[in-house]
Structure formats: structure tokens, C-alpha cells
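Report on the structure given below.
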Protein chains: 2
Amino acid sequence: MNKYQQIAYEIEQYIHEHNLAQGTKLDSLDTLTKRYNVSRSTISKALDTLEKRGAIFQQRGSGIFVRRQRREGYMSLLVTSGFSGSFKGRTVRYDVLTVEQTVADEEVANNLHIDVNAPVYFVERLIYTDDEKLCKEVSYFPVAVVPYLNKEIAEQSIFNYLETAYKMKVGFADVYLVIDQLNEEEAAILDLPVLSPGLYMEQVVYLATGIPFDYSKIVYHYKHAKFFIQSVSE
Amino acid sequence: MNKYQQIAYEIEQYIHEHNLAQGTKLDSLDTLTKRYNVSRSTISKALDTLEKRGAIFQQRGSGIFVRRQRREGYMSLLVTSGFSGSFKGRTVRYDVLTVEQTVADEEVANNLHIDVNAPVYFVERLIYTDDEKLCKEVSYFPVAVVPYLNKEIAEQSIFNYLETAYKMKVGFADVYLVIDQLNEEEAAILDLPVLSPGLYMEQVVYLATGIPFDYSKIVYHYKHAKFFIQSVSE
């Protein structure tokens, strides 16, 4: 954890421990700079991190204020933390249906910026939260970036594995959402009637270096898919 | 437009005019500082704005790179710009069903942080993009913050009106998404069969000062609701 991340974490802990209400004014940038004995730019980065995360808002000229997430059970779409990161306090279980090496078709190649027929890992998982079926996910990882995956690894968070085993840093993601009706196969796997509503998500996840390493297509059980986005102004 | 916003706009225009590919390296912070003859912190703010908007990514120690939005027809969930801002190049039309002053019930009061029975404007609109029904929206605006609304105002972007007429600055929003099946009334208004999939969005929008000024509940036509989120890492 970098210094600014550590400071961001401490400020967030402070907000939670004191159960500060939305709109509570926090100490100024100058005061925080003195307290933590670091540069203004480090404090500034910690505050930007907290703003992105929706924990504070900064109002130029007038201060830094607490922002609170007020509903429980919603999954954040803003921050690329994977399923395990989105469900703090809930059990996430991955039921791995397939892990195999295959080659990229045109769609996969296009989304991962690799050549058609380049080797990729194909991973198919059913994901449960608190023993309820949340979604079915298929993911493609280019072997050139992710050299090895197996069933044991896919039974946990693959993002955590890549960060731990390969020191990869997840950077950002393009996420696309559409709504449609489940086909027979999707309905069967999610235990729902055919034509039930489904939320379909496609995402391309990039390393901090800008290299795409994960292209996933996910279909969510409509009764268990609840999302929030804490958007910010420009 | 502030200086940093002007610079952000110019950099974004440059990327578009030169049709720069994702991953193209841009000039460094130092070079940009010299070129625009402003402080480093102004350039830094311009770059952070572009990063939030998903137009660039910054990689510490190695540079600033182009990020491209690669699919057409998806609505951004990241930036609180209202419908008109989300559909550049498409026609947005508001069919105003109701504009009236009423009082806040418990749900409205709770979301807007106002007292039960405080006066609010209630606005009900059907929103079309390119003459297709996109969604039905009901919105509540506290009269204490938004002193006046009428049908003519609601036929345009209310956000633009508030920014222009009252110099209000939209700050951030909490957005919640769930999926369910349309009831009879919703299905009728969206010209869909009962029990069709529906995307339900609730949002509380705040001024830059942190004061909530808009609580909206929106149900989207599933065939026309396509969203993207360009998420960022912490």
C-alpha cells in the first residue's frame, strides 16, 4: 500500500468509526498535510482517491465533506475491484464450470486487442453471494499477459491472484450494460423461467499500463443484481 | 468555463481531431504546463477531469495515455450530465405529463434530506431519443432549492435550466440500479407487454455544495437502455 492509500484508508476508517453524517466537514488540506507530515500532493492524492470512491466530496474554496453510501446490498460499478471487493461482509463463492486454453475468435481478439487465434484462457464460472446465484460469467484472459490459470485459482478472485502472484496492477475497465430476456440455457443455469429479465454486462479490464487482460460477459440473476454508482461532476 | 476545463476541452478536441488510438502517449505534465503557460496544478486538474471522463489514463512515472470509448449508442453512467449530455448527436425530447407543487412524503423527504410535508415540485416525463421511448421519469425537486419550475422548463433539460437561470452547479449523484418486470401501468406507457424486463434507476443528485436537489425514479425501456461505465482504479 502506498503512503497516499494508507492515508486514504485511515481517513475512511475515521469516518466510519465516528459514523460521520453526510456533509460533515473534515479537516482542511493544510491541516491534514501537517498532521500526516507528508507533501500536499500526497494528501491531495489521498483525497482524490476518497472522492473517486464516493467517500468524500471536495468543494473548492470551502472544504472537504463526508459523503455516505446509504443503501446496503448494492454492488459498486465505479471501482474495478472484482466481485470479492464489491461484497464486503458477504460470502462470495465461485463455482468453476470450465478452465481451458483456447484461441481468440474475432470478438475476443477485438476486445482484448490481440490477434485472432492468439492463445487465451477461457474461464466459465457461476458466482454465488451468500449461497444465492448472482450471475454466470465467461471470461477470456490472453496467455501473453496471464501465463497460467487453473481451476483452483479460478475458485478464488482471479484479480487478487494476478495482483499477488504476478504483481499486476488492475487499472481501469470499460463496462457495458444492456437488459434483455434470458434464453433457455441462461434461464436453466440461473433457475429462472425462460424470458425472465436479465442484466447483461460486458467488461474489458485493463492493467494500469493500459494493456487489456480480461474480457468478460456476465448475465445476472435479476433478483440479486443491485448496483450503485456514485457519480462525480467534472 | 474555468481555465482547467478549457484546457481539458482542448486536449479532448485534439484527441478527437487526430483520431488518436487508445494507448497513444500524450505530452508530459511538464510539457503541457509550459505550452499552456499555467501552473502545474491547473494542468493536473485538467488531466484529472479527463481521467474521470474516461478520455485518458495516467500511469505514474511513465506518462499520460489516450483512452477511447469504443462503442456507439451507450449512455454514460459516470458523469452527472443529465439525458441531454448523455446523448450527444441524438435528439432528446421530453414529453411532460405533470408539473405540480406538492409536498414530500416520507420516501421523498428521506432522499432529499428535507422534512416530511416540505414543498416539492413533482415532475413526470416521458423521454424519447430519436423518437423512440427511452424511459419514464418521475422527479422531485425541493422548492427551498429550486424555487420555480413549469411545463416549458421541463420540456428541456432541467439541469441546464438550473445551471443557466440560477447559476447552480451540479455536483455529484448517487445512482441505484435494479432489474425487474414491468407492471401494467409501466408496460402500457412504454408500449411493452406486461412483465417485460425493466431497468429501474433511482438517483439523488446533489449540488456541488452537497445539497440534494433532485430525487428521480426512472424506468427504462429494455430495448433502448444501453449504458457504459468507464471505471477507474483507486
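Simple scheme: letters A, B, ... for chains in C-alpha cells order, numbers from 1 for residues in each chain, numbers from 1 for ligands in the order shown.
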Inset, instruction - Considering only C-alpha atoms, extract the chain A residues located within 8 Å of chain B and return them as a PyMOL selection string. - result: chain A and resi 23+49+52-53+57+59+74+77-81+170-181+196-199+208-210+222-223+225-234
Inset, instruction - Would you please extract all alpha helix (DSSP H) residues from region 10-185 of chain B, as assigned by DSSP on the backbone, and give them as a PyMOL selection string? - result: chain B and resi 10-17+29-36+40-52+82-86+106-112+151-154+158-165+184-185
Inset, instruction - Compile the contact shell of region 142-150 of chain A as a ChimeraX atom specification: residues with an atom at most 9 Å away, counting only C-alpha atoms, same-chain residues fewer than 5 positions apart removed. - result: /A:99-101,103-104,112,114,118-121,123,155,158,162,166,211-214
Since we have the selection now, will you write its residues out, keeping N, CA, C and O atoms, as a compact mmCIF listing (two decimals), in the first residue's frame?
```txt
# COMPACT_ATOMS: atom_id res chain seq x y z
N VAL A 99 -12.19 -24.31 -17.13
CA VAL A 99 -10.96 -23.51 -17.31
C VAL A 99 -10.18 -24.22 -18.39
O VAL A 99 -9.81 -25.39 -18.22
N GLU A 100 -9.95 -23.59 -19.52
CA GLU A 100 -9.17 -24.25 -20.56
C GLU A 100 -8.47 -23.23 -21.43
O GLU A 100 -8.90 -22.09 -21.53
N GLN A 101 -7.39 -23.68 -22.07
CA GLN A 101 -6.74 -22.83 -23.06
C GLN A 101 -7.42 -23.04 -24.39
O GLN A 101 -7.71 -24.16 -24.79
N VAL A 103 -8.29 -20.50 -28.31
CA VAL A 103 -7.76 -19.37 -29.10
C VAL A 103 -8.85 -18.31 -29.26
O VAL A 103 -10.04 -18.63 -29.21
N ALA A 104 -8.42 -17.08 -29.47
CA ALA A 104 -9.36 -15.95 -29.57
C ALA A 104 -10.13 -16.00 -30.89
O ALA A 104 -9.53 -16.14 -31.95
N LEU A 112 -9.79 -7.67 -26.70
CA LEU A 112 -8.52 -7.75 -25.96
C LEU A 112 -7.35 -7.16 -26.75
O LEU A 112 -6.21 -7.20 -26.28
N ILE A 114 -5.87 -8.28 -29.36
CA ILE A 114 -4.88 -9.30 -29.71
C ILE A 114 -5.27 -9.87 -31.07
O ILE A 114 -6.33 -9.54 -31.62
N ALA A 118 -4.89 -16.00 -31.30
CA ALA A 118 -3.90 -15.92 -30.23
C ALA A 118 -4.41 -16.74 -29.04
O ALA A 118 -5.62 -16.83 -28.82
N PRO A 119 -3.51 -17.39 -28.28
CA PRO A 119 -3.97 -18.24 -27.17
C PRO A 119 -4.58 -17.42 -26.02
O PRO A 119 -4.05 -16.37 -25.66
N VAL A 120 -5.69 -17.91 -25.50
CA VAL A 120 -6.36 -17.27 -24.37
C VAL A 120 -6.83 -18.35 -23.39
O VAL A 120 -7.08 -19.48 -23.79
N TYR A 121 -6.93 -17.97 -22.12
CA TYR A 121 -7.63 -18.83 -21.16
C TYR A 121 -9.11 -18.50 -21.21
O TYR A 121 -9.50 -17.31 -21.23
N VAL A 123 -12.53 -19.07 -19.09
CA VAL A 123 -13.00 -19.44 -17.75
C VAL A 123 -14.50 -19.20 -17.68
O VAL A 123 -14.98 -18.13 -18.04
N GLU A 155 -11.25 -20.60 -8.48
CA GLU A 155 -12.21 -20.74 -7.37
C GLU A 155 -12.10 -19.58 -6.38
O GLU A 155 -12.85 -19.49 -5.42
N ILE A 158 -9.77 -14.02 -9.30
CA ILE A 158 -8.65 -14.06 -10.25
C ILE A 158 -7.85 -12.75 -10.18
O ILE A 158 -6.63 -12.74 -10.30
N LEU A 162 -3.85 -12.43 -9.63
CA LEU A 162 -2.92 -11.75 -10.55
C LEU A 162 -2.13 -10.67 -9.83
O LEU A 162 -0.94 -10.47 -10.10
N TYR A 166 1.51 -12.26 -9.67
CA TYR A 166 2.26 -11.63 -10.77
C TYR A 166 2.52 -10.15 -10.56
O TYR A 166 3.03 -9.48 -11.45
N ILE A 211 -2.84 -2.18 -20.76
CA ILE A 211 -2.97 -3.44 -21.52
C ILE A 211 -4.23 -4.19 -21.07
O ILE A 211 -4.40 -4.45 -19.88
N PRO A 212 -5.13 -4.54 -22.00
CA PRO A 212 -6.33 -5.29 -21.61
C PRO A 212 -5.95 -6.72 -21.23
O PRO A 212 -5.18 -7.35 -21.94
N PHE A 213 -6.48 -7.20 -20.11
CA PHE A 213 -6.12 -8.57 -19.69
C PHE A 213 -7.33 -9.44 -19.40
O PHE A 213 -7.20 -10.63 -19.14
N ASP A 214 -8.53 -8.88 -19.46
CA ASP A 214 -9.73 -9.66 -19.13
C ASP A 214 -10.91 -9.13 -19.94
O ASP A 214 -11.24 -7.95 -19.85
```
Legend entry - Atomic distance CA of Thr31 (chain A) - CA of Ile43 (chain A), expressed in Å with one decimal: 10.0 Å
Selection: 12 Å around Ser39 (chain A), only C-alpha atoms, excl. self and same-chain fewer than 5 positions, as a PDB file with C-alpha atoms, in the first residue's frame:
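So out37.pdb came out as:
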```
ATOM      1  CA  LYS A   3       1.529   6.259   1.542  1.00  0.00           C
ATOM      2  CA  TYR A   4      -1.461   8.059  -0.055  1.00  0.00           C
ATOM      3  CA  ILE A   7      -3.810   7.905   4.441  1.00  0.00           C
ATOM      4  CA  LEU A  29      -5.826  20.063   3.166  1.00  0.00           C
ATOM      5  CA  ASP A  30      -3.312  22.164   5.148  1.00  0.00           C
ATOM      6  CA  THR A  31      -4.262  20.620   8.469  1.00  0.00           C
ATOM      7  CA  LEU A  32      -4.067  17.104   7.022  1.00  0.00           C
ATOM      8  CA  THR A  33      -0.705  17.876   5.430  1.00  0.00           C
ATOM      9  CA  LYS A  34       0.680  18.908   8.809  1.00  0.00           C
ATOM     10  CA  SER A  44      -4.276  15.630  -2.471  1.00  0.00           C
ATOM     11  CA  LYS A  45      -3.933  12.170  -3.998  1.00  0.00           C
ATOM     12  CA  ALA A  46      -5.418  10.533  -0.904  1.00  0.00           C
TER      13      ALA A  46
END
```
Legend entry - Who sits within 12 Å of Glu185 (chain B), only C-alpha atoms, same chain under 2 positions skipped, as a list in words: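 So the residues in contact are Lys136, Gln181, Leu182, Asn183, Ala187, Ala188, Ile189, Leu190, Asp191, Leu192, Pro193, Val194, Leu195, Ser196 and Val219 of chain B.
Relative to CA of Ile127 (chain B), CA of Thr102 (chain B) is found at 22.2 Å.
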Inset, instruction - Please indicate the distance in Å from CA of Ile64 (chain B) to CA of His18 (chain B), rounded to one decimal place. - result: 16.2 Å
Inset, instruction - Could you give me, as an NGL selection string, each residue of region 22-219 of chain B that DSSP assigns to strand (DSSP E) when run on this structure's backbone? - result: :B and (56-59 or 63-66 or 75-76 or 92-103 or 119-129 or 132-142 or 170-181 or 197-207 or 212-219)
